[in-house]
Amino acid sequence: MFIQTESTPNPATLKFLPGQAVLDVGTADFPTAETADSSPLAKRIFAVQGVTGVFFGIDFVTVTKDENVEWDHIKPSLLGAIMEHYQSGDTVMAADHAPVSGHADHDGEHGEVVGQIKELLDSRVRPAVAQDGGDITFHGFDRGVVYLHMQGACAGCPSSTLTLKMGIENLLRHYIPEVTEVRPVA
């Protein structure tokens, strides 16, 4: 098994490409070791000293490290943990894990606008962000402001504010006049 790695715009996050499917659909975010109970793979990765976050896409794993740890020190252990997992035959996610689109539901008014926002995010934004090892999902819409949740390499990325304001906000405002601003949520 050969696992490729790619740097991301976030220096604290590295993208691992195991050369096979990680998830069948959707994404899975594990911002802490305590949230990794539903994933044998995430638990193995968190066992490596210095790991602070794990994120799964369809064909990649992104790992976020503590700022006091160097990639040169933990990368071999991470490669070993991922390889060991795939060779063990364990599942990536527990059987009771249900994939989600990642977008929050929106039951209020502006349903048509929210539908357009989600469609633009799914067709134009999320594929590009996945290339960098992350995901951005809809969290809410209120009085012209779109609230988005950033995951994986996007969470805590130094260029995430620029991506939100110059990229996503401009895109949404261009296609959807009701959108006036985009803000991140934790």
# chains A, B, ... in the order shown; residues from 1 in each chain; ligands from 1
call {"tool": "select_by_dssp", "arguments": {"residues": "chain A", "states": "helix (DSSP H, G or I)", "output": "mmCIF file with C-alpha atoms, in the first residue's frame"}}
result
data_model
loop_
_atom_site.group_PDB
_atom_site.id
_atom_site.type_symbol
_atom_site.label_atom_id
_atom_site.label_comp_id
_atom_site.auth_asym_id
_atom_site.auth_seq_id
_atom_site.Cartn_x
_atom_site.Cartn_y
_atom_site.Cartn_z
ATOM 1 C CA ALA A 33 -10.060 12.516 20.272
ATOM 2 C CA GLU A 34 -13.249 12.283 22.359
ATOM 3 C CA THR A 35 -15.375 12.561 19.205
ATOM 4 C CA ALA A 36 -13.614 9.647 17.456
ATOM 5 C CA ASP A 37 -15.531 6.773 19.087
ATOM 6 C CA SER A 38 -17.468 6.055 15.882
ATOM 7 C CA PRO A 40 -11.613 2.872 14.385
ATOM 8 C CA LEU A 41 -9.374 4.739 11.894
ATOM 9 C CA ALA A 42 -9.777 8.094 13.648
ATOM 10 C CA LYS A 43 -8.981 6.450 17.005
ATOM 11 C CA ARG A 44 -5.746 5.005 15.561
ATOM 12 C CA ILE A 45 -4.733 8.393 14.209
ATOM 13 C CA PHE A 46 -5.491 10.169 17.488
ATOM 14 C CA TRP A 71 5.488 17.044 10.792
ATOM 15 C CA ASP A 72 8.847 15.312 10.412
ATOM 16 C CA HIS A 73 8.373 13.801 13.867
ATOM 17 C CA ILE A 74 4.825 12.466 13.506
ATOM 18 C CA LYS A 75 4.326 11.845 9.776
ATOM 19 C CA PRO A 76 5.935 8.347 9.842
ATOM 20 C CA SER A 77 3.685 7.314 12.752
ATOM 21 C CA LEU A 78 0.610 8.641 10.934
ATOM 22 C CA LEU A 79 1.494 6.775 7.747
ATOM 23 C CA GLY A 80 1.967 3.642 9.845
ATOM 24 C CA ALA A 81 -1.357 4.081 11.642
ATOM 25 C CA ILE A 82 -3.274 4.542 8.376
ATOM 26 C CA MET A 83 -1.522 1.610 6.686
ATOM 27 C CA GLU A 84 -2.037 -0.614 9.733
ATOM 28 C CA HIS A 85 -5.724 0.260 9.770
ATOM 29 C CA TYR A 86 -6.306 -0.677 6.126
ATOM 30 C CA GLN A 87 -4.305 -3.896 6.488
ATOM 31 C CA SER A 88 -6.314 -4.880 9.584
ATOM 32 C CA GLY A 111 -36.186 28.235 1.805
ATOM 33 C CA GLU A 112 -35.611 28.913 -1.890
ATOM 34 C CA VAL A 113 -32.602 31.153 -1.165
ATOM 35 C CA VAL A 114 -31.135 28.545 1.203
ATOM 36 C CA GLY A 115 -31.615 25.887 -1.484
ATOM 37 C CA GLN A 116 -29.672 28.045 -3.945
ATOM 38 C CA ILE A 117 -26.909 28.624 -1.374
ATOM 39 C CA LYS A 118 -26.563 24.883 -0.700
ATOM 40 C CA GLU A 119 -26.539 24.104 -4.427
ATOM 41 C CA LEU A 120 -23.745 26.609 -5.100
ATOM 42 C CA LEU A 121 -21.764 25.293 -2.135
ATOM 43 C CA ASP A 122 -22.150 21.680 -3.334
ATOM 44 C CA SER A 123 -21.394 22.356 -6.999
ATOM 45 C CA ARG A 124 -18.722 25.070 -6.857
ATOM 46 C CA VAL A 125 -17.213 25.438 -3.386
ATOM 47 C CA ARG A 126 -17.027 22.042 -1.688
ATOM 48 C CA PRO A 127 -15.212 20.228 -4.535
ATOM 49 C CA ALA A 128 -12.508 22.910 -4.575
ATOM 50 C CA VAL A 129 -12.179 22.926 -0.797
ATOM 51 C CA ALA A 130 -11.940 19.103 -0.753
ATOM 52 C CA GLN A 131 -8.869 19.425 -2.975
ATOM 53 C CA SER A 160 -9.734 30.815 5.461
ATOM 54 C CA THR A 161 -10.939 34.391 6.046
ATOM 55 C CA LEU A 162 -9.704 35.398 2.604
ATOM 56 C CA THR A 163 -11.361 32.314 1.080
ATOM 57 C CA LEU A 164 -14.656 33.166 2.788
ATOM 58 C CA LYS A 165 -14.693 36.869 2.006
ATOM 59 C CA MET A 166 -13.062 37.092 -1.403
ATOM 60 C CA GLY A 167 -14.108 33.749 -2.816
ATOM 61 C CA ILE A 168 -17.291 32.353 -1.351
ATOM 62 C CA GLU A 169 -18.933 35.649 -0.390
ATOM 63 C CA ASN A 170 -18.331 37.118 -3.852
ATOM 64 C CA LEU A 171 -19.650 33.950 -5.529
ATOM 65 C CA LEU A 172 -22.832 33.823 -3.439
ATOM 66 C CA ARG A 173 -23.491 37.579 -3.765
ATOM 67 C CA HIS A 174 -23.055 37.344 -7.544
ATOM 68 C CA TYR A 175 -25.643 34.578 -7.975
#
call {"tool": "residues_around", "arguments": {"residues": "Ser39 (chain A)", "least_positions_apart": "4", "cutoff": "6 Å", "atoms": "only C-alpha atoms", "output": "list in words"}}
result
Val92, Met93 and Ala94 of chain A
call {"tool": "write_last_selection", "arguments": {"atoms": "N, CA and C atoms", "output": "JSON list (two decimals), in the first residue's frame"}}
result
[["chain", "number", "residue", "atom", "x", "y", "z"],
["A", 92, "VAL", "N", -13.72, 1.81, 8.42],
["A", 92, "VAL", "CA", -13.32, 3.19, 8.73],
["A", 92, "VAL", "C", -14.28, 3.77, 9.76],
["A", 93, "MET", "N", -15.56, 3.49, 9.57],
["A", 93, "MET", "CA", -16.59, 3.99, 10.48],
["A", 93, "MET", "C", -17.36, 2.82, 11.07],
["A", 94, "ALA", "N", -17.84, 2.99, 12.29],
["A", 94, "ALA", "CA", -18.67, 1.97, 12.93],
["A", 94, "ALA", "C", -19.96, 1.78, 12.13]]
call {"tool": "closest_atom_pairs", "arguments": {"of": "region 43-103 of chain A", "to": "region 134-156 of chain A", "cutoff": "12 Å", "atoms": "only C-alpha atoms", "output": "CSV"}}
result
residue,atom,partner,partner_atom,distance
A:Thr52,CA,A:Gly152,CA,10.9
A:Gly53,CA,A:Gly152,CA,7.7
A:Val54,CA,A:Gly152,CA,6.9
A:Phe55,CA,A:Gly152,CA,5.0
A:Phe56,CA,A:Gly152,CA,7.9
A:Gly57,CA,A:Gly134,CA,7.8
A:Ile58,CA,A:Gly134,CA,11.1
A:Asp59,CA,A:Gly134,CA,11.8
A:Phe60,CA,A:Gly134,CA,9.6
A:Val61,CA,A:Gly152,CA,8.8
A:Thr62,CA,A:Gly152,CA,6.2
A:Val63,CA,A:Gly152,CA,7.6
A:Thr64,CA,A:Ala153,CA,7.3
A:Lys65,CA,A:Ala153,CA,10.7
A:Asp66,CA,A:Gly156,CA,11.8
A:Glu67,CA,A:Gly156,CA,11.6
A:Val100,CA,A:Thr137,CA,10.9
A:Ser101,CA,A:Thr137,CA,8.4
A:Gly102,CA,A:Thr137,CA,5.7
A:His103,CA,A:Phe138,CA,4.8
call {"tool": "write_last_selection", "arguments": {"atoms": "C-alpha atoms", "output": "PDB file, in the first residue's frame"}}
result
ATOM      1  CA  THR A  52      -5.453  17.502  17.450  1.00  0.00           C
ATOM      2  CA  GLY A  53      -7.992  16.820  14.680  1.00  0.00           C
ATOM      3  CA  VAL A  54      -8.971  14.275  12.020  1.00  0.00           C
ATOM      4  CA  PHE A  55     -11.235  14.764   8.992  1.00  0.00           C
ATOM      5  CA  PHE A  56     -12.358  12.218   6.371  1.00  0.00           C
ATOM      6  CA  GLY A  57     -13.452  12.893   2.812  1.00  0.00           C
ATOM      7  CA  ILE A  58     -14.397  10.395   0.107  1.00  0.00           C
ATOM      8  CA  ASP A  59     -10.783   9.547  -0.742  1.00  0.00           C
ATOM      9  CA  PHE A  60      -8.644  11.401   1.793  1.00  0.00           C
ATOM     10  CA  VAL A  61      -7.810  11.858   5.457  1.00  0.00           C
ATOM     11  CA  THR A  62      -6.628  15.188   6.818  1.00  0.00           C
ATOM     12  CA  VAL A  63      -4.791  15.347  10.096  1.00  0.00           C
ATOM     13  CA  THR A  64      -4.271  18.492  12.152  1.00  0.00           C
ATOM     14  CA  LYS A  65      -1.341  18.650  14.551  1.00  0.00           C
ATOM     15  CA  ASP A  66      -0.457  20.646  17.621  1.00  0.00           C
ATOM     16  CA  GLU A  67       1.638  23.722  16.785  1.00  0.00           C
ATOM     17  CA  VAL A 100     -24.744  13.270   6.359  1.00  0.00           C
ATOM     18  CA  SER A 101     -24.617  15.989   3.734  1.00  0.00           C
ATOM     19  CA  GLY A 102     -23.027  18.238   6.294  1.00  0.00           C
ATOM     20  CA  HIS A 103     -25.492  21.066   5.720  1.00  0.00           C
TER      21      HIS A 103
END
call {"tool": "select_by_dssp", "arguments": {"residues": "region 8-174 of chain A", "states": "strand (DSSP E)", "output": "short mmCIF file (atom, residue, chain, number, x, y, z; two decimals) with C-alpha atoms, in the first residue's frame"}}
result
data_model
loop_
_atom_site.label_atom_id
_atom_site.label_comp_id
_atom_site.auth_asym_id
_atom_site.auth_seq_id
_atom_site.Cartn_x
_atom_site.Cartn_y
_atom_site.Cartn_z
CA THR A 13 -2.90 20.18 8.52
CA LEU A 14 -1.62 17.49 6.16
CA LYS A 15 -3.70 15.54 3.63
CA PHE A 16 -3.21 11.76 3.32
CA LEU A 17 -4.40 9.89 0.21
CA ALA A 28 -16.71 12.92 8.88
CA ASP A 29 -15.13 15.44 11.22
CA PHE A 30 -13.40 14.57 14.50
CA VAL A 51 -2.70 14.97 16.70
CA THR A 52 -5.45 17.50 17.45
CA GLY A 53 -7.99 16.82 14.68
CA VAL A 54 -8.97 14.28 12.02
CA PHE A 55 -11.23 14.76 8.99
CA PHE A 56 -12.36 12.22 6.37
CA VAL A 61 -7.81 11.86 5.46
CA THR A 62 -6.63 15.19 6.82
CA VAL A 63 -4.79 15.35 10.10
CA THR A 64 -4.27 18.49 12.15
CA LYS A 65 -1.34 18.65 14.55
CA GLY A 134 -11.36 20.31 4.00
CA ASP A 135 -15.04 21.03 3.76
CA ILE A 136 -17.35 24.00 4.15
CA THR A 137 -21.00 23.44 5.05
CA PHE A 138 -24.09 25.60 5.39
CA HIS A 139 -24.94 26.46 9.00
CA GLY A 140 -27.59 29.18 8.67
CA PHE A 141 -29.00 32.20 6.86
CA ASP A 142 -30.32 35.28 8.64
CA VAL A 145 -25.85 36.79 6.26
CA VAL A 146 -24.79 33.22 5.37
CA TYR A 147 -23.15 31.30 8.21
CA LEU A 148 -20.74 28.55 7.16
CA HIS A 149 -18.94 25.85 9.15
CA MET A 150 -15.34 25.11 8.15
CA GLN A 151 -13.90 21.63 8.71
CA GLY A 152 -10.70 19.70 8.13
#
call {"tool": "closest_residue", "arguments": {"among": "A:Ala104, A:Asp132, A:Ala186, A:Cys157", "to": "Ser7 (chain A)", "atoms": "only C-alpha atoms"}}
result
A:Asp132
call {"tool": "decode", "arguments": {"residues": "region 162-183 of chain A", "atoms": "N, CA and C atoms", "output": "PDB file, in the first residue's frame"}}
result
ATOM      1  N   LEU A 162      -9.795  34.930   3.983  1.00  0.00           N
ATOM      2  CA  LEU A 162      -9.704  35.398   2.604  1.00  0.00           C
ATOM      3  C   LEU A 162     -10.567  34.549   1.685  1.00  0.00           C
ATOM      4  N   THR A 163     -10.533  33.220   1.882  1.00  0.00           N
ATOM      5  CA  THR A 163     -11.361  32.314   1.080  1.00  0.00           C
ATOM      6  C   THR A 163     -12.836  32.641   1.267  1.00  0.00           C
ATOM      7  N   LEU A 164     -13.254  32.852   2.523  1.00  0.00           N
ATOM      8  CA  LEU A 164     -14.656  33.166   2.788  1.00  0.00           C
ATOM      9  C   LEU A 164     -15.068  34.488   2.166  1.00  0.00           C
ATOM     10  N   LYS A 165     -14.305  35.529   2.434  1.00  0.00           N
ATOM     11  CA  LYS A 165     -14.693  36.869   2.006  1.00  0.00           C
ATOM     12  C   LYS A 165     -14.520  37.103   0.507  1.00  0.00           C
ATOM     13  N   MET A 166     -13.345  36.779  -0.009  1.00  0.00           N
ATOM     14  CA  MET A 166     -13.062  37.092  -1.403  1.00  0.00           C
ATOM     15  C   MET A 166     -13.606  36.045  -2.365  1.00  0.00           C
ATOM     16  N   GLY A 167     -13.658  34.811  -1.926  1.00  0.00           N
ATOM     17  CA  GLY A 167     -14.108  33.749  -2.816  1.00  0.00           C
ATOM     18  C   GLY A 167     -15.580  33.426  -2.666  1.00  0.00           C
ATOM     19  N   ILE A 168     -15.928  32.854  -1.546  1.00  0.00           N
ATOM     20  CA  ILE A 168     -17.291  32.353  -1.351  1.00  0.00           C
ATOM     21  C   ILE A 168     -18.305  33.490  -1.264  1.00  0.00           C
ATOM     22  N   GLU A 169     -17.989  34.529  -0.506  1.00  0.00           N
ATOM     23  CA  GLU A 169     -18.933  35.649  -0.390  1.00  0.00           C
ATOM     24  C   GLU A 169     -19.192  36.284  -1.752  1.00  0.00           C
ATOM     25  N   ASN A 170     -18.145  36.522  -2.524  1.00  0.00           N
ATOM     26  CA  ASN A 170     -18.331  37.118  -3.852  1.00  0.00           C
ATOM     27  C   ASN A 170     -19.155  36.208  -4.759  1.00  0.00           C
ATOM     28  N   LEU A 171     -18.896  34.908  -4.719  1.00  0.00           N
ATOM     29  CA  LEU A 171     -19.650  33.950  -5.529  1.00  0.00           C
ATOM     30  C   LEU A 171     -21.138  33.969  -5.162  1.00  0.00           C
ATOM     31  N   LEU A 172     -21.426  33.849  -3.871  1.00  0.00           N
ATOM     32  CA  LEU A 172     -22.832  33.823  -3.439  1.00  0.00           C
ATOM     33  C   LEU A 172     -23.531  35.141  -3.731  1.00  0.00           C
ATOM     34  N   ARG A 173     -22.876  36.268  -3.496  1.00  0.00           N
ATOM     35  CA  ARG A 173     -23.491  37.579  -3.765  1.00  0.00           C
ATOM     36  C   ARG A 173     -23.757  37.767  -5.255  1.00  0.00           C
ATOM     37  N   HIS A 174     -22.882  37.218  -6.092  1.00  0.00           N
ATOM     38  CA  HIS A 174     -23.055  37.344  -7.544  1.00  0.00           C
ATOM     39  C   HIS A 174     -24.310  36.610  -8.012  1.00  0.00           C
ATOM     40  N   TYR A 175     -24.524  35.397  -7.513  1.00  0.00           N
ATOM     41  CA  TYR A 175     -25.643  34.578  -7.975  1.00  0.00           C
ATOM     42  C   TYR A 175     -26.924  34.761  -7.169  1.00  0.00           C
ATOM     43  N   ILE A 176     -26.796  35.207  -5.929  1.00  0.00           N
ATOM     44  CA  ILE A 176     -27.970  35.311  -5.052  1.00  0.00           C
ATOM     45  C   ILE A 176     -27.997  36.710  -4.438  1.00  0.00           C
ATOM     46  N   PRO A 177     -28.807  37.616  -4.997  1.00  0.00           N
ATOM     47  CA  PRO A 177     -28.828  39.010  -4.532  1.00  0.00           C
ATOM     48  C   PRO A 177     -29.205  39.167  -3.051  1.00  0.00           C
ATOM     49  N   GLU A 178     -29.929  38.205  -2.501  1.00  0.00           N
ATOM     50  CA  GLU A 178     -30.341  38.291  -1.093  1.00  0.00           C
ATOM     51  C   GLU A 178     -29.155  38.136  -0.131  1.00  0.00           C
ATOM     52  N   VAL A 179     -28.055  37.583  -0.605  1.00  0.00           N
ATOM     53  CA  VAL A 179     -26.871  37.386   0.236  1.00  0.00           C
ATOM     54  C   VAL A 179     -26.059  38.674   0.275  1.00  0.00           C
ATOM     55  N   THR A 180     -25.781  39.160   1.510  1.00  0.00           N
ATOM     56  CA  THR A 180     -24.982  40.370   1.673  1.00  0.00           C
ATOM     57  C   THR A 180     -23.623  40.110   2.302  1.00  0.00           C
ATOM     58  N   GLU A 181     -23.497  38.989   3.050  1.00  0.00           N
ATOM     59  CA  GLU A 181     -22.254  38.719   3.763  1.00  0.00           C
ATOM     60  C   GLU A 181     -22.143  37.238   4.080  1.00  0.00           C
ATOM     61  N   VAL A 182     -20.908  36.764   4.270  1.00  0.00           N
ATOM     62  CA  VAL A 182     -20.649  35.385   4.696  1.00  0.00           C
ATOM     63  C   VAL A 182     -19.790  35.434   5.945  1.00  0.00           C
ATOM     64  N   ARG A 183     -20.197  34.653   6.966  1.00  0.00           N
ATOM     65  CA  ARG A 183     -19.425  34.605   8.225  1.00  0.00           C
ATOM     66  C   ARG A 183     -19.187  33.163   8.635  1.00  0.00           C
TER      67      ARG A 183
END
